[in-house]
>>> print(open('entry_6.txt').read())   # compact mmCIF, C-alpha atoms and all ligand atoms
# COMPACT_ATOMS: atom_id res chain seq x y z
CA MET A 1 -5.86 -0.73 -14.16
CA SER A 2 -2.46 -1.91 -15.28
CA ALA A 3 -1.96 -5.25 -17.03
CA ASN A 4 0.53 -5.92 -14.27
CA LYS A 5 -1.58 -7.65 -11.61
CA ARG A 6 1.26 -8.03 -9.12
CA ILE A 7 0.67 -6.46 -5.71
CA ALA A 8 3.61 -6.17 -3.31
CA LEU A 9 2.66 -7.03 0.26
CA SER A 10 4.75 -6.62 3.39
CA SER A 11 4.29 -5.87 7.07
CA ASP A 12 6.06 -5.97 10.39
CA HIS A 13 5.26 -8.47 13.15
CA ALA A 14 2.15 -6.53 14.22
CA ALA A 15 0.24 -7.30 11.03
CA ILE A 16 1.16 -10.76 9.78
CA GLU A 17 -2.33 -12.27 10.06
CA LEU A 18 -4.06 -9.31 8.42
CA ARG A 19 -1.46 -9.24 5.65
CA GLN A 20 -2.06 -12.91 4.92
CA ALA A 21 -5.84 -12.36 4.93
CA ILE A 22 -5.39 -9.55 2.40
CA ALA A 23 -3.18 -11.77 0.22
CA THR A 24 -5.87 -14.46 0.15
CA HIS A 25 -8.59 -11.88 -0.52
CA ILE A 26 -6.88 -10.20 -3.46
CA ALA A 27 -5.75 -13.50 -5.00
CA ALA A 28 -9.42 -14.54 -5.12
CA GLN A 29 -10.05 -11.40 -7.18
CA GLY A 30 -7.41 -12.24 -9.77
CA TRP A 31 -4.57 -10.15 -8.39
CA GLU A 32 -1.16 -11.73 -7.93
CA PRO A 33 0.03 -11.07 -4.37
CA VAL A 34 3.79 -10.86 -4.05
CA ASP A 35 4.04 -11.47 -0.31
CA ILE A 36 7.52 -10.60 0.86
CA GLY A 37 6.90 -11.37 4.50
CA PRO A 38 7.77 -11.71 7.23
CA THR A 39 6.09 -14.99 8.14
CA THR A 40 7.30 -15.48 11.71
CA PRO A 41 6.08 -13.44 14.68
CA GLU A 42 9.41 -12.22 16.09
CA SER A 43 9.63 -8.48 16.62
CA THR A 44 11.06 -6.85 13.53
CA HIS A 45 11.68 -3.41 12.04
CA TYR A 46 8.96 -1.85 9.89
CA PRO A 47 11.28 0.46 7.87
CA ALA A 48 12.99 -2.49 6.22
CA HIS A 49 9.67 -4.06 5.23
CA GLY A 50 8.30 -0.79 3.94
CA GLN A 51 11.42 -0.28 1.85
CA ALA A 52 11.30 -3.83 0.44
CA ALA A 53 7.73 -3.48 -0.80
CA ALA A 54 8.27 0.06 -2.04
CA GLU A 55 11.26 -1.00 -4.13
CA ARG A 56 9.11 -3.68 -5.83
CA VAL A 57 6.63 -0.97 -6.80
CA ALA A 58 9.17 1.71 -7.72
CA SER A 59 11.02 -0.72 -10.00
CA GLY A 60 7.82 -1.66 -11.82
CA ASP A 61 8.00 -5.29 -10.70
CA CYS A 62 4.67 -4.76 -8.93
CA ALA A 63 1.91 -2.43 -10.07
CA LEU A 64 0.85 -1.46 -6.56
CA GLY A 65 1.73 -2.24 -2.95
CA ILE A 66 -0.10 -2.82 0.31
CA ILE A 67 1.86 -2.53 3.54
CA LEU A 68 0.90 -2.87 7.18
CA CYS A 69 2.24 -2.31 10.66
CA GLY A 70 0.55 -1.64 13.99
CA THR A 71 -0.71 1.80 13.05
CA GLY A 72 0.24 1.79 9.38
CA GLN A 73 2.12 5.02 10.01
CA GLY A 74 5.73 3.99 10.43
CA ILE A 75 5.83 1.65 7.46
CA MET A 76 4.11 4.33 5.34
CA MET A 77 6.78 6.89 6.31
CA ALA A 78 9.52 4.48 5.26
CA ALA A 79 7.85 3.58 1.95
CA ASN A 80 7.42 7.24 1.05
CA LYS A 81 11.20 7.74 1.27
CA VAL A 82 11.63 5.53 -1.81
CA LYS A 83 11.66 7.62 -4.98
CA GLY A 84 8.46 7.30 -6.98
CA ILE A 85 6.31 6.07 -4.09
CA ARG A 86 3.08 7.74 -3.04
CA CYS A 87 1.67 5.88 -0.05
CA GLY A 88 -1.20 6.83 2.24
CA VAL A 89 -2.51 5.30 5.46
CA CYS A 90 -6.25 4.60 5.31
CA SER A 91 -8.71 3.51 7.98
CA GLU A 92 -11.83 3.79 5.83
CA PRO A 93 -12.66 3.08 2.17
CA PHE A 94 -13.40 6.66 1.03
CA SER A 95 -9.82 7.78 1.57
CA ALA A 96 -8.51 4.59 -0.01
CA SER A 97 -10.48 5.39 -3.15
CA MET A 98 -9.46 9.06 -3.15
CA ILE A 99 -5.73 8.42 -2.80
CA ARG A 100 -5.98 6.50 -6.07
CA ALA A 101 -8.36 8.89 -7.86
CA HIS A 102 -6.72 12.18 -6.88
CA ASN A 103 -3.22 11.38 -5.60
CA ASN A 104 -2.34 8.45 -7.88
CA ALA A 105 -1.13 6.58 -4.79
CA ASN A 106 0.77 3.45 -5.71
CA MET A 107 0.84 2.07 -2.20
CA LEU A 108 -1.71 1.69 0.58
CA SER A 109 -0.86 1.34 4.26
CA ILE A 110 -3.20 -0.07 6.92
CA GLY A 111 -2.79 -0.28 10.70
CA ALA A 112 -3.56 -3.77 11.94
CA ARG A 113 -4.01 -2.47 15.50
CA VAL A 114 -6.43 0.17 14.25
CA THR A 115 -8.52 -1.52 11.58
CA GLY A 116 -10.35 -4.86 11.82
CA GLU A 117 -10.16 -7.42 9.06
CA GLY A 118 -13.57 -6.80 7.49
CA LEU A 119 -13.01 -3.08 7.22
CA ALA A 120 -9.44 -3.60 6.03
CA LEU A 121 -10.65 -5.76 3.16
CA ASP A 122 -13.18 -3.07 2.19
CA ILE A 123 -10.34 -0.53 2.22
CA VAL A 124 -8.25 -2.77 -0.01
CA ASP A 125 -11.19 -3.19 -2.42
CA ALA A 126 -11.66 0.58 -2.62
CA PHE A 127 -7.96 1.10 -3.31
CA LEU A 128 -7.63 -1.60 -5.97
CA GLY A 129 -10.97 -0.75 -7.56
CA THR A 130 -10.22 2.91 -8.26
CA SER A 131 -8.13 4.43 -11.04
CA PHE A 132 -6.32 7.78 -11.21
CA GLU A 133 -8.52 10.50 -12.69
CA GLY A 134 -5.66 12.50 -14.20
CA GLY A 135 -6.49 16.01 -15.43
CA ARG A 136 -5.95 18.70 -12.82
CA HIS A 137 -4.89 16.01 -10.37
CA ALA A 138 -1.96 15.07 -12.63
CA THR A 139 -0.58 18.61 -12.28
CA ARG A 140 -0.62 18.24 -8.51
CA VAL A 141 0.89 14.76 -8.51
CA ASP A 142 3.62 16.05 -10.82
CA MET A 143 4.32 18.73 -8.19
CA ILE A 144 4.77 15.99 -5.58
CA THR A 145 7.17 14.18 -7.90
CA ALA A 146 9.13 17.40 -8.46
CA LEU A 147 9.88 17.49 -4.73
CA GLU A 148 11.98 14.37 -5.20
CA SER A 149 14.62 16.12 -7.31
C1 LIG B 1 5.51 -2.02 16.53
O1 LIG B 1 5.34 -2.20 17.90
C2 LIG B 1 4.87 -0.73 16.07
O2 LIG B 1 5.61 0.35 16.50
C3 LIG B 1 4.75 -0.73 14.57
O3 LIG B 1 4.00 -1.83 14.16
C4 LIG B 1 4.05 0.47 13.95
O4 LIG B 1 2.84 0.74 14.58
C5 LIG B 1 4.88 1.68 13.78
O5 LIG B 1 4.46 2.67 13.16
>>> encode(input="entry_6.txt", output="structure tokens", more="lines below")
Ligand code: RB5
Amino acid sequence: MSANKRIALSSDHAAIELRQAIATHIAAQGWEPVDIGPTTPESTHYPAHGQAAAERVASGDCALGIILCGTGQGIMMAANKVKGIRCGVCSEPFSASMIRAHNNANMLSIGARVTGEGLALDIVDAFLGTSFEGGRHATRVDMITALES
């Protein structure tokens, strides 16, 4: 894993509590959560929060990102519009591990209205605990990157 231990975190209003639980959880493991909010429960717009976290990752300020909304889907779609971002929604740990190992995902999305806290933390652990395998998978990830230009 990268020497950069900074993890960008953001959500919309549907996932504030779970986002904060994830921040506490990963900080206890030595990661540095960069929690860019929001902190108040007013209804807000997930694309802006997905973009904000994605830009932290795409710029290299954060090594990885974890984003959340009600389903995890909308904020994932927004994050994936930022050049250099590969984000997947996961509702179980196997996929969270595989998007790192095979897809070199640099962001994880979770649906707070889909996934309970205990399972979400297991998903986060699987994501952060897995490295990209490279090899034949690098060829395929390079093909994804080529779609950006
Ligand atoms: C907000 O109500 C909800 O639409 C949002 O959190 C998310 O699920 C969208 O994908």
>>> residues_around(input="entry_6.txt", residues="Ile144 of chain A", least_positions_apart="6", cutoff="12 Å", atoms="only C-alpha atoms", output="PyMOL selection string")
chain A and resi 80+83-87+103-105+137-138
>>> residues_around(input="entry_6.txt", residues="segment 45-47 of chain A", least_positions_apart="2", cutoff="10 Å", atoms="all atoms listed in the file", output="PyMOL selection string")
chain A and resi 10-14+42-43+49-52+67-70+72-79+81
>>> residues_around(input="entry_6.txt", residues="Ile22 of chain A", least_positions_apart="4", cutoff="9 Å", atoms="only C-alpha atoms", output="short mmCIF file (atom, residue, chain, number, x, y, z; two decimals) with C-alpha atoms, keeping the file's coordinate frame")
data_model
loop_
_atom_site.label_atom_id
_atom_site.label_comp_id
_atom_site.auth_asym_id
_atom_site.auth_seq_id
_atom_site.Cartn_x
_atom_site.Cartn_y
_atom_site.Cartn_z
CA LEU A 9 2.66 -7.03 0.26
CA GLU A 17 -2.33 -12.27 10.06
CA LEU A 18 -4.06 -9.31 8.42
CA ILE A 26 -6.88 -10.20 -3.46
CA ALA A 27 -5.75 -13.50 -5.00
CA PRO A 33 0.03 -11.07 -4.37
CA ILE A 66 -0.10 -2.82 0.31
CA GLU A 117 -10.16 -7.42 9.06
CA ALA A 120 -9.44 -3.60 6.03
CA LEU A 121 -10.65 -5.76 3.16
CA VAL A 124 -8.25 -2.77 -0.01
#
>>> closest_residue(input="entry_6.txt", among="A:Ser91, A:Ser109, A:Thr71, A:Gln29", to="Gly129 of chain A", atoms="only C-alpha atoms")
A:Gln29
>>> closest_residue(input="entry_6.txt", among="A:Cys62, A:Val114, A:Leu128, A:Ala96", to="ligand LIG 1 (chain B)", atoms="all atoms listed in the file")
A:Val114
>>> closest_residue(input="entry_6.txt", among="A:Asn106, A:Ala3, A:Gly65, A:Pro41", to="ligand LIG 1 (chain B)", atoms="only C-alpha atoms and all ligand atoms")
A:Pro41
>>> residues_around(input="entry_6.txt", residues="Asp61 of chain A", least_positions_apart="4", cutoff="10 Å", atoms="only C-alpha atoms", output="list in words")
Asn4, Lys5, Arg6, Ile7, Ala8, Val34, Glu55, Arg56 and Val57 of chain A
>>> residues_around(input="entry_6.txt", residues="Ser97 of chain A", least_positions_apart="2", cutoff="6 Å", atoms="all atoms listed in the file", output="list in words")
Phe94, Ser95, Ile99, Arg100, Ala126, Phe127 and Thr130 of chain A
>>> write_last_selection(input="entry_6.txt", atoms="C-alpha atoms", output="PDB file, keeping the file's coordinate frame")
ATOM      1  CA  PHE A  94     -13.400   6.660   1.030  1.00  0.00           C
ATOM      2  CA  SER A  95      -9.820   7.780   1.570  1.00  0.00           C
ATOM      3  CA  ILE A  99      -5.730   8.420  -2.800  1.00  0.00           C
ATOM      4  CA  ARG A 100      -5.980   6.500  -6.070  1.00  0.00           C
ATOM      5  CA  ALA A 126     -11.660   0.580  -2.620  1.00  0.00           C
ATOM      6  CA  PHE A 127      -7.960   1.100  -3.310  1.00  0.00           C
ATOM      7  CA  THR A 130     -10.220   2.910  -8.260  1.00  0.00           C
TER       8      THR A 130
END
>>> atom_distance(input="entry_6.txt", atom1="atom CA of His102 of chain A", atom2="atom CA of Trp31 of chain A")
22.5 Å
>>> closest_residue(input="entry_6.txt", among="A:Thr139, A:Ser59, A:Thr24, A:Thr115", to="ligand LIG 1 (chain B)", atoms="all atoms listed in the file")
A:Thr115
>>> atom_distance(input="entry_6.txt", atom1="atom CA of Thr44 of chain A", atom2="atom C2 of ligand LIG 1 (chain B)")
9.1 Å
>>> atom_distance(input="entry_6.txt", atom1="atom CA of Ile36 of chain A", atom2="atom CA of Ala53 of chain A")
7.3 Å
>>> axis_aligned_box(input="entry_6.txt", around="segment 54-70 of chain A", padding_each_side="3 Å", output="JSON")
{"center_x": 5.6, "center_y": -1.8, "center_z": 1.1, "size_x": 17.4, "size_y": 13.0, "size_z": 31.8}
>>> closest_residue(input="entry_6.txt", among="A:Val141, A:Phe132, A:Ala15, A:Ala21", to="ligand LIG 1 (chain B)", atoms="all atoms listed in the file")
A:Ala15
>>> closest_residue(input="entry_6.txt", among="A:Ile123, A:Thr39, A:Ala146, A:Gly60", to="Cys90 of chain A", atoms="all atoms listed in the file")
A:Ile123
